[in-house]
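Colleague: Quick one, target-v6.cif (mmCIF, C-alpha atoms and all ligand atoms):
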```
data_run
loop_
_atom_site.label_atom_id
_atom_site.label_comp_id
_atom_site.auth_asym_id
_atom_site.auth_seq_id
_atom_site.Cartn_x
_atom_site.Cartn_y
_atom_site.Cartn_z
CA MET I 1 -43.41 -150.00 -37.19
CA VAL I 2 -43.94 -153.58 -38.26
CA ALA I 3 -46.14 -153.99 -41.31
CA GLY I 4 -44.74 -157.14 -42.83
CA GLY I 5 -47.65 -159.48 -42.00
CA ARG I 6 -50.09 -160.95 -44.52
CA GLY I 7 -53.23 -160.45 -42.40
CA VAL I 8 -54.49 -164.02 -42.90
CA ARG I 9 -57.03 -163.81 -40.06
CA ALA I 10 -58.50 -160.55 -41.36
CA GLN I 11 -59.37 -162.25 -44.69
CA THR I 12 -58.87 -159.06 -46.69
CA ASP I 13 -57.92 -159.12 -50.39
CA ILE I 14 -54.75 -157.18 -49.61
CA PRO I 15 -52.71 -157.30 -46.38
CA LYS I 16 -54.98 -155.68 -43.76
CA GLN I 17 -52.61 -152.76 -43.09
CA TYR I 18 -53.22 -151.50 -46.64
CA ALA I 19 -57.01 -151.79 -46.38
CA CYS I 20 -58.84 -148.50 -45.85
CA LEU I 21 -60.60 -147.24 -42.75
CA GLY I 22 -62.62 -144.07 -43.24
CA GLY I 23 -61.12 -143.74 -46.72
CA ARG I 24 -57.46 -143.98 -45.69
CA PRO I 25 -55.12 -146.99 -45.46
CA ILE I 26 -54.66 -148.32 -41.92
CA LEU I 27 -50.88 -148.14 -42.37
CA ARG I 28 -51.10 -144.43 -43.20
CA ARG I 29 -53.27 -143.72 -40.16
CA THR I 30 -50.81 -145.51 -37.88
CA LEU I 31 -47.77 -143.83 -39.43
CA GLU I 32 -49.35 -140.37 -39.18
CA ALA I 33 -50.25 -140.88 -35.53
CA ILE I 34 -46.67 -141.88 -34.70
CA ALA I 35 -44.95 -139.25 -36.85
CA ALA I 36 -47.08 -136.50 -35.30
CA HIS I 37 -45.43 -137.02 -31.88
CA PRO I 38 -42.84 -134.28 -31.36
CA GLN I 39 -40.42 -136.54 -29.44
CA ILE I 40 -40.27 -139.11 -32.23
CA ASP I 41 -37.40 -138.23 -34.59
CA ALA I 42 -37.68 -140.90 -37.25
CA VAL I 43 -40.04 -143.70 -38.27
CA LEU I 44 -38.86 -146.89 -39.95
CA CYS I 45 -41.39 -149.24 -41.47
CA VAL I 46 -40.82 -152.97 -41.93
CA ILE I 47 -42.85 -154.19 -44.86
CA GLY I 48 -43.55 -157.36 -46.81
CA GLU I 49 -41.48 -157.91 -49.94
CA PRO I 50 -44.49 -157.81 -52.31
CA ASP I 51 -45.85 -154.62 -50.75
CA LEU I 52 -43.35 -152.00 -51.91
CA ALA I 53 -45.77 -150.25 -54.30
CA ALA I 54 -48.67 -150.39 -51.83
CA TYR I 55 -46.38 -148.97 -49.14
CA ALA I 56 -45.16 -146.14 -51.40
CA ASP I 57 -48.78 -145.18 -52.13
CA ALA I 58 -50.02 -145.45 -48.57
CA SER I 59 -47.11 -143.60 -46.98
CA ALA I 60 -46.61 -140.81 -49.55
CA GLY I 61 -45.98 -137.48 -47.82
CA VAL I 62 -45.81 -138.83 -44.25
CA PRO I 63 -43.02 -136.92 -42.46
CA LYS I 64 -39.98 -138.39 -40.66
CA LEU I 65 -39.97 -141.64 -42.69
CA LEU I 66 -36.74 -143.60 -43.21
CA PRO I 67 -36.55 -145.92 -46.23
CA PRO I 68 -38.54 -149.10 -45.50
CA VAL I 69 -36.88 -152.47 -44.92
CA THR I 70 -38.14 -155.94 -45.77
CA GLY I 71 -39.51 -158.06 -42.92
CA GLY I 72 -39.34 -161.76 -42.19
CA ARG I 73 -41.66 -164.75 -41.91
CA SER I 74 -42.72 -163.97 -38.31
CA ARG I 75 -43.36 -160.75 -36.41
CA GLN I 76 -40.23 -161.39 -34.39
CA ALA I 77 -38.15 -161.68 -37.58
CA SER I 78 -39.66 -158.45 -38.90
CA VAL I 79 -38.86 -156.57 -35.68
CA ARG I 80 -35.31 -157.88 -35.82
CA ALA I 81 -34.94 -156.65 -39.42
CA GLY I 82 -36.13 -153.21 -38.34
CA LEU I 83 -33.76 -153.05 -35.37
CA GLU I 84 -30.80 -154.16 -37.50
CA ALA I 85 -31.61 -151.40 -40.00
CA LEU I 86 -31.48 -148.86 -37.16
CA ALA I 87 -28.28 -150.20 -35.60
CA ALA I 88 -26.00 -147.84 -37.50
CA LYS I 89 -27.99 -144.89 -36.17
CA ALA I 90 -27.70 -146.24 -32.62
CA PRO I 91 -30.68 -144.39 -31.15
CA GLN I 92 -31.04 -144.38 -27.35
CA LYS I 93 -34.69 -145.40 -27.33
CA VAL I 94 -36.89 -147.29 -29.75
CA LEU I 95 -40.65 -147.85 -29.80
CA ILE I 96 -41.88 -150.94 -31.67
CA HIS I 97 -45.45 -150.70 -32.92
CA ASP I 98 -47.86 -152.84 -34.97
CA ALA I 99 -49.13 -151.20 -38.16
CA ALA I 100 -52.40 -152.96 -37.34
CA ARG I 101 -53.01 -150.66 -34.33
CA PRO I 102 -54.00 -147.34 -35.89
CA PHE I 103 -55.58 -145.91 -32.72
CA ILE I 104 -52.35 -145.36 -30.82
CA SER I 105 -52.66 -142.29 -28.60
CA HIS I 106 -50.27 -139.39 -28.14
CA LYS I 107 -50.61 -139.88 -24.36
CA THR I 108 -49.39 -143.50 -24.47
CA LEU I 109 -46.44 -142.58 -26.69
CA THR I 110 -45.43 -139.83 -24.25
CA ALA I 111 -45.80 -142.10 -21.21
CA LEU I 112 -43.65 -144.81 -22.82
CA LEU I 113 -40.89 -142.39 -23.82
CA GLU I 114 -40.83 -140.83 -20.34
CA THR I 115 -40.65 -144.24 -18.66
CA LEU I 116 -37.67 -145.16 -20.84
CA ASP I 117 -35.69 -142.37 -19.14
CA HIS I 118 -35.34 -144.72 -16.16
CA ALA I 119 -36.34 -148.20 -17.43
CA GLU I 120 -34.94 -150.71 -19.94
CA GLY I 121 -38.37 -151.45 -21.29
CA ALA I 122 -42.01 -150.36 -21.05
CA ILE I 123 -45.07 -151.61 -22.91
CA ALA I 124 -48.59 -150.37 -23.51
CA ALA I 125 -51.01 -152.81 -21.88
CA LEU I 126 -54.46 -153.11 -20.29
CA PRO I 127 -55.32 -154.85 -17.01
CA VAL I 128 -57.67 -157.77 -17.64
CA ALA I 129 -61.16 -156.65 -16.67
CA ASP I 130 -63.12 -159.86 -17.27
CA THR I 131 -63.32 -163.13 -15.38
CA LEU I 132 -61.04 -165.61 -17.13
CA LYS I 133 -62.01 -169.18 -17.98
CA ARG I 134 -59.83 -172.01 -19.18
CA GLN I 135 -61.53 -174.23 -21.75
CA SER I 136 -61.52 -177.98 -21.21
CA THR I 137 -60.67 -180.42 -23.98
CA ALA I 138 -64.40 -181.19 -24.21
CA GLY I 139 -65.05 -177.53 -25.06
CA GLY I 140 -66.68 -176.55 -21.75
CA ILE I 141 -65.11 -174.72 -18.83
CA ASP I 142 -62.28 -176.43 -17.07
CA ALA I 143 -61.47 -173.72 -14.52
CA THR I 144 -61.69 -170.05 -13.58
CA VAL I 145 -58.25 -168.49 -13.82
CA PRO I 146 -57.39 -165.79 -11.26
CA ARG I 147 -56.99 -162.54 -13.15
CA ASP I 148 -55.08 -160.65 -10.45
CA GLY I 149 -51.97 -159.16 -11.95
CA LEU I 150 -52.88 -160.17 -15.52
CA TRP I 151 -52.54 -157.60 -18.30
CA ARG I 152 -53.16 -157.76 -22.03
CA ALA I 153 -49.99 -156.71 -23.88
CA ALA I 154 -50.38 -154.22 -26.71
CA THR I 155 -47.93 -152.09 -28.66
CA PRO I 156 -46.06 -149.74 -28.73
CA GLN I 157 -43.42 -151.54 -26.76
CA GLY I 158 -40.51 -149.25 -25.91
CA PHE I 159 -36.93 -150.17 -25.05
CA ARG I 160 -33.43 -148.87 -24.62
CA PHE I 161 -32.19 -149.62 -28.12
CA GLU I 162 -29.06 -151.66 -27.31
CA THR I 163 -30.99 -153.82 -24.83
CA ILE I 164 -33.72 -154.88 -27.25
CA LEU I 165 -31.33 -155.28 -30.19
CA ASN I 166 -29.16 -157.64 -28.14
CA ALA I 167 -32.22 -159.55 -26.90
CA HIS I 168 -33.41 -160.07 -30.49
CA ARG I 169 -29.93 -161.08 -31.64
CA SER I 170 -29.66 -163.76 -28.98
CA ALA I 171 -33.27 -165.04 -29.16
CA GLU I 172 -34.31 -168.29 -30.85
CA PRO I 173 -36.42 -167.70 -34.00
CA ASP I 174 -40.15 -167.44 -33.20
CA ALA I 175 -39.40 -167.43 -29.47
CA ALA I 176 -42.07 -164.84 -28.63
CA THR I 177 -45.18 -163.12 -29.93
CA ASP I 178 -44.11 -159.77 -28.51
CA ASP I 179 -40.80 -158.02 -27.81
CA ALA I 180 -41.12 -157.63 -24.04
CA ALA I 181 -41.09 -161.43 -23.73
CA LEU I 182 -37.46 -161.46 -24.90
CA LEU I 183 -36.46 -159.19 -22.00
CA GLU I 184 -38.63 -161.11 -19.53
CA ALA I 185 -36.66 -164.23 -20.49
CA GLU I 186 -33.49 -162.42 -19.37
CA ASN I 187 -35.14 -161.19 -16.15
CA ILE I 188 -34.93 -157.58 -17.26
CA HIS I 189 -37.62 -155.39 -15.71
CA VAL I 190 -40.26 -154.15 -18.18
CA ALA I 191 -42.81 -151.57 -17.00
CA LEU I 192 -46.53 -151.82 -17.79
CA ILE I 193 -48.07 -148.56 -19.02
CA PRO I 194 -51.88 -148.42 -18.88
CA ASP I 195 -53.04 -147.92 -22.46
CA ASP I 196 -56.11 -146.41 -24.10
CA PRO I 197 -58.59 -149.29 -24.70
CA ARG I 198 -59.18 -147.97 -28.22
CA ASN I 199 -55.66 -149.04 -29.22
CA PHE I 200 -56.80 -152.51 -30.23
CA LYS I 201 -55.16 -154.60 -32.94
CA ILE I 202 -57.15 -155.13 -36.12
CA THR I 203 -56.86 -158.89 -36.35
CA TYR I 204 -60.16 -160.40 -37.53
CA LYS I 205 -62.61 -159.42 -40.28
CA GLU I 206 -65.12 -158.29 -37.63
CA ASP I 207 -62.60 -155.79 -36.20
CA PHE I 208 -63.07 -153.51 -39.21
CA ALA I 209 -66.62 -152.59 -38.18
CA LEU I 210 -65.47 -151.60 -34.69
CA ALA I 211 -62.58 -149.60 -36.15
CA GLU I 212 -64.94 -147.81 -38.57
CA SER I 213 -67.24 -146.88 -35.70
CA LEU I 214 -64.31 -145.42 -33.74
CA ILE I 215 -63.35 -143.37 -36.77
CA ALA I 216 -66.95 -142.28 -37.38
CA ALA I 217 -66.96 -140.80 -33.88
CA THR I 218 -64.09 -138.54 -34.92
CA ARG I 219 -65.76 -137.32 -38.12
CA GLU I 220 -68.32 -134.69 -38.97
CA THR I 221 -70.56 -134.17 -41.97
CA ARG I 222 -70.14 -130.93 -43.90
CA THR I 223 -72.12 -129.36 -46.71
CA GLY I 224 -70.43 -127.34 -49.44
CA PHE I 225 -72.30 -125.03 -51.81
CA GLY I 226 -71.13 -123.73 -55.18
CA PHE I 227 -72.69 -121.43 -57.76
CA ASP I 228 -71.40 -120.37 -61.18
CA VAL I 229 -72.61 -118.54 -64.28
CA HIS I 230 -71.20 -118.34 -67.80
CA ALA I 231 -72.54 -116.19 -70.63
CA PHE I 232 -73.09 -117.44 -74.18
CA GLU I 233 -70.97 -116.31 -77.12
CA PRO I 234 -71.02 -117.42 -80.76
CA GLY I 235 -70.18 -121.10 -81.15
CA ASP I 236 -71.69 -124.51 -81.77
CA ALA I 237 -71.41 -126.52 -78.51
CA VAL I 238 -71.32 -126.18 -74.73
CA ILE I 239 -69.35 -128.35 -72.30
CA LEU I 240 -71.40 -129.29 -69.23
CA GLY I 241 -70.22 -131.77 -66.61
CA GLY I 242 -67.37 -132.77 -68.91
CA VAL I 243 -69.77 -133.65 -71.77
CA THR I 244 -69.82 -131.75 -75.07
CA ILE I 245 -73.38 -130.89 -76.11
CA PRO I 246 -74.09 -129.44 -79.56
CA HIS I 247 -75.80 -126.04 -79.25
CA SER I 248 -76.35 -122.79 -81.16
CA ALA I 249 -73.82 -121.00 -78.91
CA LYS I 250 -70.85 -121.76 -76.68
CA LEU I 251 -70.12 -120.64 -73.15
CA LYS I 252 -67.61 -117.85 -72.69
CA GLY I 253 -64.77 -118.34 -70.22
CA HIS I 254 -61.04 -118.39 -69.55
CA SER I 255 -61.02 -122.21 -69.40
CA ASP I 256 -63.48 -124.50 -71.22
CA ALA I 257 -66.27 -122.64 -69.33
CA ASP I 258 -67.79 -125.83 -67.91
CA VAL I 259 -70.17 -124.10 -65.55
CA VAL I 260 -71.21 -127.42 -63.95
CA LEU I 261 -67.72 -128.54 -62.98
CA HIS I 262 -66.87 -125.02 -61.80
CA ALA I 263 -69.87 -124.93 -59.44
CA LEU I 264 -68.93 -128.43 -58.28
CA CYS I 265 -65.32 -127.37 -57.53
CA ASP I 266 -66.56 -124.37 -55.55
CA ALA I 267 -68.83 -126.62 -53.51
CA ILE I 268 -65.95 -128.99 -52.72
CA PHE I 269 -63.57 -126.15 -51.82
CA GLY I 270 -66.37 -124.57 -49.76
CA GLY I 271 -66.98 -127.80 -47.83
CA LEU I 272 -63.27 -127.98 -47.02
CA ALA I 273 -63.25 -124.22 -46.20
CA LEU I 274 -60.35 -123.75 -48.62
CA GLY I 275 -61.66 -120.82 -50.68
CA ASP I 276 -62.94 -121.21 -54.23
CA ILE I 277 -61.82 -122.30 -57.67
CA GLY I 278 -60.19 -118.89 -58.28
CA THR I 279 -57.98 -119.42 -55.24
CA PHE I 280 -56.30 -122.36 -56.94
CA PHE I 281 -56.79 -121.58 -60.63
CA PRO I 282 -56.86 -117.76 -61.02
CA PRO I 283 -58.41 -116.55 -64.32
CA SER I 284 -55.42 -114.18 -64.56
CA ASP I 285 -53.12 -117.21 -65.07
CA GLU I 286 -52.55 -117.90 -68.79
CA LYS I 287 -51.83 -121.53 -67.92
CA TRP I 288 -55.55 -122.20 -67.52
CA ARG I 289 -56.63 -120.64 -70.84
CA GLY I 290 -58.88 -123.20 -72.56
CA ALA I 291 -58.07 -125.78 -69.87
CA PRO I 292 -60.46 -128.75 -69.56
CA SER I 293 -62.27 -128.33 -66.25
CA ASP I 294 -61.87 -131.97 -65.24
CA LEU I 295 -58.34 -130.86 -64.25
CA PHE I 296 -59.86 -128.50 -61.69
CA ALA I 297 -62.29 -131.11 -60.38
CA LYS I 298 -59.50 -133.69 -60.01
CA ALA I 299 -57.41 -131.11 -58.12
CA ALA I 300 -60.36 -130.46 -55.81
CA MET I 301 -60.58 -134.21 -55.16
CA ALA I 302 -56.86 -134.27 -54.34
CA LYS I 303 -57.61 -131.66 -51.65
CA VAL I 304 -60.40 -133.90 -50.34
CA ALA I 305 -57.95 -136.79 -50.03
CA ALA I 306 -55.25 -134.60 -48.46
CA ALA I 307 -57.71 -133.48 -45.78
CA GLY I 308 -58.55 -137.13 -44.99
CA ALA I 309 -62.10 -136.31 -46.10
CA THR I 310 -64.54 -138.36 -48.19
CA LEU I 311 -66.92 -136.99 -50.79
CA VAL I 312 -70.24 -138.64 -50.02
CA HIS I 313 -72.74 -137.06 -52.40
CA VAL I 314 -73.05 -134.45 -55.16
CA ASP I 315 -76.28 -132.69 -56.15
CA LEU I 316 -76.12 -130.44 -59.23
CA THR I 317 -78.84 -128.16 -60.58
CA ILE I 318 -78.29 -126.71 -64.04
CA ILE I 319 -80.37 -123.61 -64.77
CA ALA I 320 -80.80 -123.21 -68.52
CA GLU I 321 -83.55 -122.59 -71.05
CA ALA I 322 -81.46 -124.51 -73.64
CA PRO I 323 -79.90 -126.86 -74.52
CA LYS I 324 -82.17 -129.55 -73.08
CA ILE I 325 -80.26 -131.37 -70.35
CA GLY I 326 -82.43 -134.52 -70.03
CA PRO I 327 -80.95 -136.42 -73.02
CA HIS I 328 -77.41 -135.82 -71.66
CA ARG I 329 -78.05 -136.38 -67.95
CA ASP I 330 -76.78 -139.98 -67.81
CA ALA I 331 -73.66 -139.17 -69.82
CA MET I 332 -72.93 -136.29 -67.43
CA ARG I 333 -73.41 -138.46 -64.35
CA GLU I 334 -71.09 -141.08 -65.79
CA ARG I 335 -68.44 -138.54 -66.76
CA ILE I 336 -68.55 -136.80 -63.37
CA ALA I 337 -68.38 -140.17 -61.60
CA ASP I 338 -65.30 -140.94 -63.65
CA ILE I 339 -63.65 -137.57 -62.93
CA LEU I 340 -64.34 -137.77 -59.19
CA SER I 341 -63.76 -141.55 -58.88
CA LEU I 342 -67.13 -141.72 -57.14
CA GLU I 343 -69.98 -144.18 -57.65
CA GLY I 344 -72.58 -142.90 -60.10
CA ASP I 345 -75.41 -143.35 -57.60
CA ARG I 346 -73.81 -140.68 -55.42
CA ILE I 347 -74.16 -138.09 -58.18
CA SER I 348 -77.38 -136.27 -58.98
CA VAL I 349 -77.77 -134.05 -62.05
CA LYS I 350 -80.96 -132.00 -62.25
CA ALA I 351 -82.02 -129.21 -64.57
CA THR I 352 -84.58 -126.45 -64.53
CA THR I 353 -85.56 -123.37 -66.50
CA THR I 354 -86.48 -120.04 -64.95
CA GLU I 355 -89.72 -119.88 -66.95
CA GLY I 356 -88.32 -117.31 -69.35
CA LEU I 357 -87.36 -114.95 -66.51
CA GLY I 358 -83.96 -113.38 -65.86
CA PHE I 359 -80.69 -113.86 -67.78
CA THR I 360 -81.08 -117.61 -68.11
CA GLY I 361 -84.68 -117.10 -69.28
CA ARG I 362 -83.45 -114.65 -71.92
CA ARG I 363 -80.96 -117.35 -73.05
CA GLU I 364 -77.98 -115.14 -72.24
CA GLY I 365 -76.11 -117.86 -70.38
CA ILE I 366 -76.26 -120.90 -68.10
CA ALA I 367 -76.04 -121.05 -64.29
CA CYS I 368 -75.36 -124.05 -62.09
CA GLN I 369 -75.75 -124.73 -58.39
CA ALA I 370 -73.84 -127.53 -56.66
CA VAL I 371 -74.30 -128.98 -53.21
CA VAL I 372 -71.83 -131.56 -51.91
CA THR I 373 -71.77 -133.61 -48.72
CA LEU I 374 -68.36 -134.35 -47.24
CA SER I 375 -67.32 -136.51 -44.33
CA VAL I 376 -64.39 -134.73 -42.70
CA GLU I 377 -62.15 -135.50 -39.73
CA ARG I 378 -63.02 -133.11 -36.94
CA ASP I 379 -59.55 -131.65 -36.55
CA SER I 380 -58.75 -131.22 -40.25
N1 LIG I 401 -44.09 -161.64 -40.55
C1 LIG I 401 -44.70 -160.63 -39.95
C2 LIG I 401 -45.90 -160.82 -39.23
C3 LIG I 401 -46.53 -159.73 -38.67
N2 LIG I 401 -45.99 -158.50 -38.80
C4 LIG I 401 -46.68 -157.33 -38.27
O1 LIG I 401 -46.91 -157.48 -36.90
C5 LIG I 401 -48.11 -156.83 -36.50
C6 LIG I 401 -48.98 -157.72 -35.63
O2 LIG I 401 -49.19 -158.94 -36.29
P1 LIG I 401 -50.59 -159.59 -36.68
O3 LIG I 401 -51.73 -158.80 -36.24
O4 LIG I 401 -50.51 -161.01 -36.26
O5 LIG I 401 -50.54 -159.44 -38.27
P2 LIG I 401 -50.48 -160.54 -39.41
O6 LIG I 401 -49.31 -161.45 -39.20
O7 LIG I 401 -50.53 -159.80 -40.69
O8 LIG I 401 -51.86 -161.31 -39.18
P3 LIG I 401 -52.20 -162.85 -39.39
O9 LIG I 401 -51.48 -163.60 -38.30
O10 LIG I 401 -53.66 -162.90 -39.26
O11 LIG I 401 -51.71 -163.23 -40.77
C7 LIG I 401 -48.81 -156.41 -37.79
O12 LIG I 401 -48.73 -155.00 -37.97
C8 LIG I 401 -48.08 -157.17 -38.85
O13 LIG I 401 -48.03 -156.52 -40.13
C9 LIG I 401 -44.79 -158.33 -39.49
O14 LIG I 401 -44.29 -157.21 -39.61
N3 LIG I 401 -44.17 -159.40 -40.06
C1 LIG I 402 -47.33 -157.79 -30.37
C2 LIG I 402 -48.79 -157.97 -30.07
O1 LIG I 402 -49.56 -157.09 -30.82
C3 LIG I 402 -49.03 -157.65 -28.60
O2 LIG I 402 -50.38 -157.88 -28.31
C4 LIG I 402 -49.23 -159.40 -30.33
O3 LIG I 402 -48.53 -160.26 -29.48
C5 LIG I 402 -49.10 -159.84 -31.75
O4 LIG I 402 -49.56 -161.18 -31.76
P1 LIG I 402 -50.23 -161.91 -33.00
O5 LIG I 402 -50.55 -163.27 -32.53
O6 LIG I 402 -49.21 -161.89 -34.06
O7 LIG I 402 -51.45 -161.16 -33.35
#
```
Rewrite the structure of this file - the entire thing - as structure tokens.
Ligand SMILES: Nc1ccn([C@@H]2O[C@H](COP(=O)(O)OP(=O)(O)OP(=O)(O)O)[C@@H](O)[C@H]2O)c(=O)n1
Ligand SMILES: C[C@](O)(CO)[C@H](O)COP(=O)(O)O

Modeller:
Amino acid sequence: MVAGGRGVRAQTDIPKQYACLGGRPILRRTLEAIAAHPQIDAVLCVIGEPDLAAYADASAGVPKLLPPVTGGRSRQASVRAGLEALAAKAPQKVLIHDAARPFISHKTLTALLETLDHAEGAIAALPVADTLKRQSTAGGIDATVPRDGLWRAATPQGFRFETILNAHRSAEPDAATDDAALLEAENIHVALIPDDPRNFKITYKEDFALAESLIAATRETRTGFGFDVHAFEPGDAVILGGVTIPHSAKLKGHSDADVVLHALCDAIFGGLALGDIGTFFPPSDEKWRGAPSDLFAKAAMAKVAAAGATLVHVDLTIIAEAPKIGPHRDAMRERIADILSLEGDRISVKATTTEGLGFTGRREGIACQAVVTLSVERDS
């Protein structure tokens, strides 16, 4: 997979393949789609020299990855670097794919690999569906170009390994913008495999909006609910939402008894259908005695990231007669925003009493309800 470009046309702050779509780097999405194919044994990424740290972050945990290699000044040079790095392994078939095409389908990968059983090369492509015009030097239309037999080349482009390695070795630098062209120049037959139109290359700034809308169509919104209670015991402060608030009692618990963060964790785990806080941090485990609950909340957020989900909104209701929450509300919102790495305006902290009724009304403890909204990939 070639990921050594700088993404000049996309005008992103970082090379476009490291920019996020639906909360995950494009490069990771592309790698995961390729690595998920059962007939693909290994994935080698060609990256830009300055991008080693970004690559390590974006690719962490993706299966089947070989160590990355450094690319060249052009796409062709980067492909060559990748092929040379694979030469010692001498695979029979190789698929070459742009990191900037995250919507590669399982079906296209299968079709390419099957075609390579009896062809030297095969590429994903789409027949041209529009009338084609050639522009004149004056900027108007010079002519209508017959579109019969014209296809738009995409990637993956698949080849018998030796054939494409030799073609790259004997090609002039910057001879072609895709790999099939190097075989065409040698009159070697390359098959055209009709591709999924969604497999477009993110090239320009405007392409990100289209890509986001394709991803949105694969996502669903989920609601998670959490509820927790802790009783008071003698002490002089409570910890709520990661903020220490002086009080005439403390909350009793195995950890720091932060009832707000506990309810929040349960809501997140509930939205991901992963159980509850006790599933991951059992009160029977001595390790968590006195533990600060931001640890639990950060672990819940790691599960959100691992599921490819995004936390959209948090709504917390603290049920307590005392202490008064109002003076600490902003500090709590800020602290929770910090713990979750979420913008403060996506976090609501509310408080209520139960008008003297029930255990909270009798000042025996504090309860908290949490509701979270998550955007989750449908299949996760
Ligand atoms: N020297 C290069 C140039 C491109 N690519 C990769 O080839 C694919 C297709 O290239 P393109 O979309 O043109 O990417 P960029 O070269 O990054 O874009 P730009 O021309 O706008 O800078 C991308 O995944 C890109 O990272 C590469 O590995 N090495
Ligand atoms: C390889 C490719 O993606 C096939 O469409 C394309 O040729 C890359 O060209 P670019 O000019 O570097 O975007």

Colleague: Considering only C-alpha atoms, return as a ChimeraX atom specification whatever protein or nucleic-acid residues lie within 6 Å of segment 361-376 of chain I, sequence-local ones (same chain, fewer than 5 positions apart) excluded.

Modeller: /I:219-232,260,263-264,267,309-321,354,356

Colleague: Which residues form the shell of 10 Å around ligand LIG 402 (chain I) when you count all atoms listed in the file, given as number ranges by chain?

Modeller: I: 2, 5, 7, 9, 74-76, 96-101, 123-125, 152-157, 176-181, 200-204

Colleague: Using all atoms listed in the file, which residues sit within 8 Å of segment 158-164 of chain I once same-chain residues fewer than 5 positions away are excluded, as a list in words?

Modeller: Ala90, Pro91, Gln92, Lys93, Val94, Leu95, Ile96, Leu112, Leu113, Leu116, Ala119, Glu120, Gly121, Ala122, Ile123, Asp179, Leu182 and Leu183 of chain I

Colleague: What is the distance, in Å and to one decimal place, between atom CA of Ala217 of chain I and atom CA of Arg346 of chain I?

Modeller: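 Calculated distance between atom CA of Ala217 of chain I and atom CA of Arg346 of chain I is 22.6 Å.
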
Colleague: Rank nothing, just name the residue among I:Arg147, I:Lys205, I:Lys133, I:Lys89 nearest to ligand LIG 401 (chain I), using only C-alpha atoms and all ligand atoms.

Modeller: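 Of I:Arg147, I:Lys205, I:Lys133, I:Lys89, the one nearest ligand LIG 401 (chain I) is I:Lys205, counting only C-alpha atoms and all ligand atoms.
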
Colleague: So the first atom is atom CA of Ala249 of chain I and the second is atom CA of Ala237 of chain I; what is the distance between them in Å, to one decimal place?

Modeller: 6.0 Å

Colleague: Can you tell me which residues surround Ile34 of chain I at a distance of at most 10 Å, considering only C-alpha atoms, apart from same-chain residues fewer than 5 positions away, and format the answer as a PyMOL selection string?

Modeller: chain I and resi 1+28-29+39-43+63-64+95+97+102-106+109+156

Colleague: Check the smallest atom-to-atom distance from each of I:Val46, I:Ala19, I:Leu251, I:Leu272 to ligand LIG 401 (chain I) using all atoms listed in the file, then report the winner.

Modeller: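 Counting all atoms listed in the file, the residue closest to ligand LIG 401 (chain I) is I:Val46.
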
Colleague: Interatomic distance between atom CA of Thr70 of chain I and atom CA of Ile47 of chain I?

Modeller: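 Spanning atom CA of Thr70 of chain I to atom CA of Ile47 of chain I is a straight-line distance of 5.1 Å.
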
Colleague: Could you list, as a PDB file with C-alpha atoms, keeping the file's coordinate frame, every residue within 10 Å of segment 305-307 of chain I, counting all atoms listed in the file and ignoring same-chain residues fewer than 5 positions away?

Modeller:
```
ATOM      1  CA  GLY I  23     -61.120-143.740 -46.720  1.00  0.00           C
ATOM      2  CA  ARG I  24     -57.460-143.980 -45.690  1.00  0.00           C
ATOM      3  CA  GLY I  61     -45.980-137.480 -47.820  1.00  0.00           C
ATOM      4  CA  LEU I 272     -63.270-127.980 -47.020  1.00  0.00           C
ATOM      5  CA  ALA I 299     -57.410-131.110 -58.120  1.00  0.00           C
ATOM      6  CA  ALA I 300     -60.360-130.460 -55.810  1.00  0.00           C
ATOM      7  CA  VAL I 376     -64.390-134.730 -42.700  1.00  0.00           C
ATOM      8  CA  GLU I 377     -62.150-135.500 -39.730  1.00  0.00           C
ATOM      9  CA  ASP I 379     -59.550-131.650 -36.550  1.00  0.00           C
ATOM     10  CA  SER I 380     -58.750-131.220 -40.250  1.00  0.00           C
TER      11      SER I 380
END
```

Colleague: Give as a list in words every residue, naming chains and numbers as the document does, that has an atom within 8 Å of (-32.1, -157.4, -35.1), counting all atoms listed in the file.

Modeller: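 The residues near that point, listed by chain and number, are Ala77, Val79, Arg80, Ala81, Gly82, Leu83, Glu84, Ala85, Leu165, Asn166, His168 and Arg169 of chain I.
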
Colleague: Please complete segment 194-199 of chain I with N, CA and C atoms and give it back as a PDB file, in the coordinates of the input.

Modeller:
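Once written, rebuild-v6.pdb looks like this:
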```pdb
ATOM      1  N   PRO I 194     -50.455-148.273 -18.540  1.00  0.00           N
ATOM      2  CA  PRO I 194     -51.880-148.420 -18.880  1.00  0.00           C
ATOM      3  C   PRO I 194     -52.210-147.688 -20.183  1.00  0.00           C
ATOM      4  N   ASP I 195     -52.809-148.432 -21.101  1.00  0.00           N
ATOM      5  CA  ASP I 195     -53.040-147.920 -22.460  1.00  0.00           C
ATOM      6  C   ASP I 195     -54.478-147.445 -22.612  1.00  0.00           C
ATOM      7  N   ASP I 196     -54.751-146.792 -23.730  1.00  0.00           N
ATOM      8  CA  ASP I 196     -56.110-146.410 -24.100  1.00  0.00           C
ATOM      9  C   ASP I 196     -56.777-147.657 -24.702  1.00  0.00           C
ATOM     10  N   PRO I 197     -57.960-148.057 -24.189  1.00  0.00           N
ATOM     11  CA  PRO I 197     -58.590-149.290 -24.700  1.00  0.00           C
ATOM     12  C   PRO I 197     -58.891-149.250 -26.192  1.00  0.00           C
ATOM     13  N   ARG I 198     -58.896-148.040 -26.780  1.00  0.00           N
ATOM     14  CA  ARG I 198     -59.180-147.970 -28.220  1.00  0.00           C
ATOM     15  C   ARG I 198     -58.014-148.463 -29.081  1.00  0.00           C
ATOM     16  N   ASN I 199     -56.841-148.627 -28.455  1.00  0.00           N
ATOM     17  CA  ASN I 199     -55.660-149.040 -29.220  1.00  0.00           C
ATOM     18  C   ASN I 199     -55.661-150.550 -29.463  1.00  0.00           C
TER      19      ASN I 199
END
```
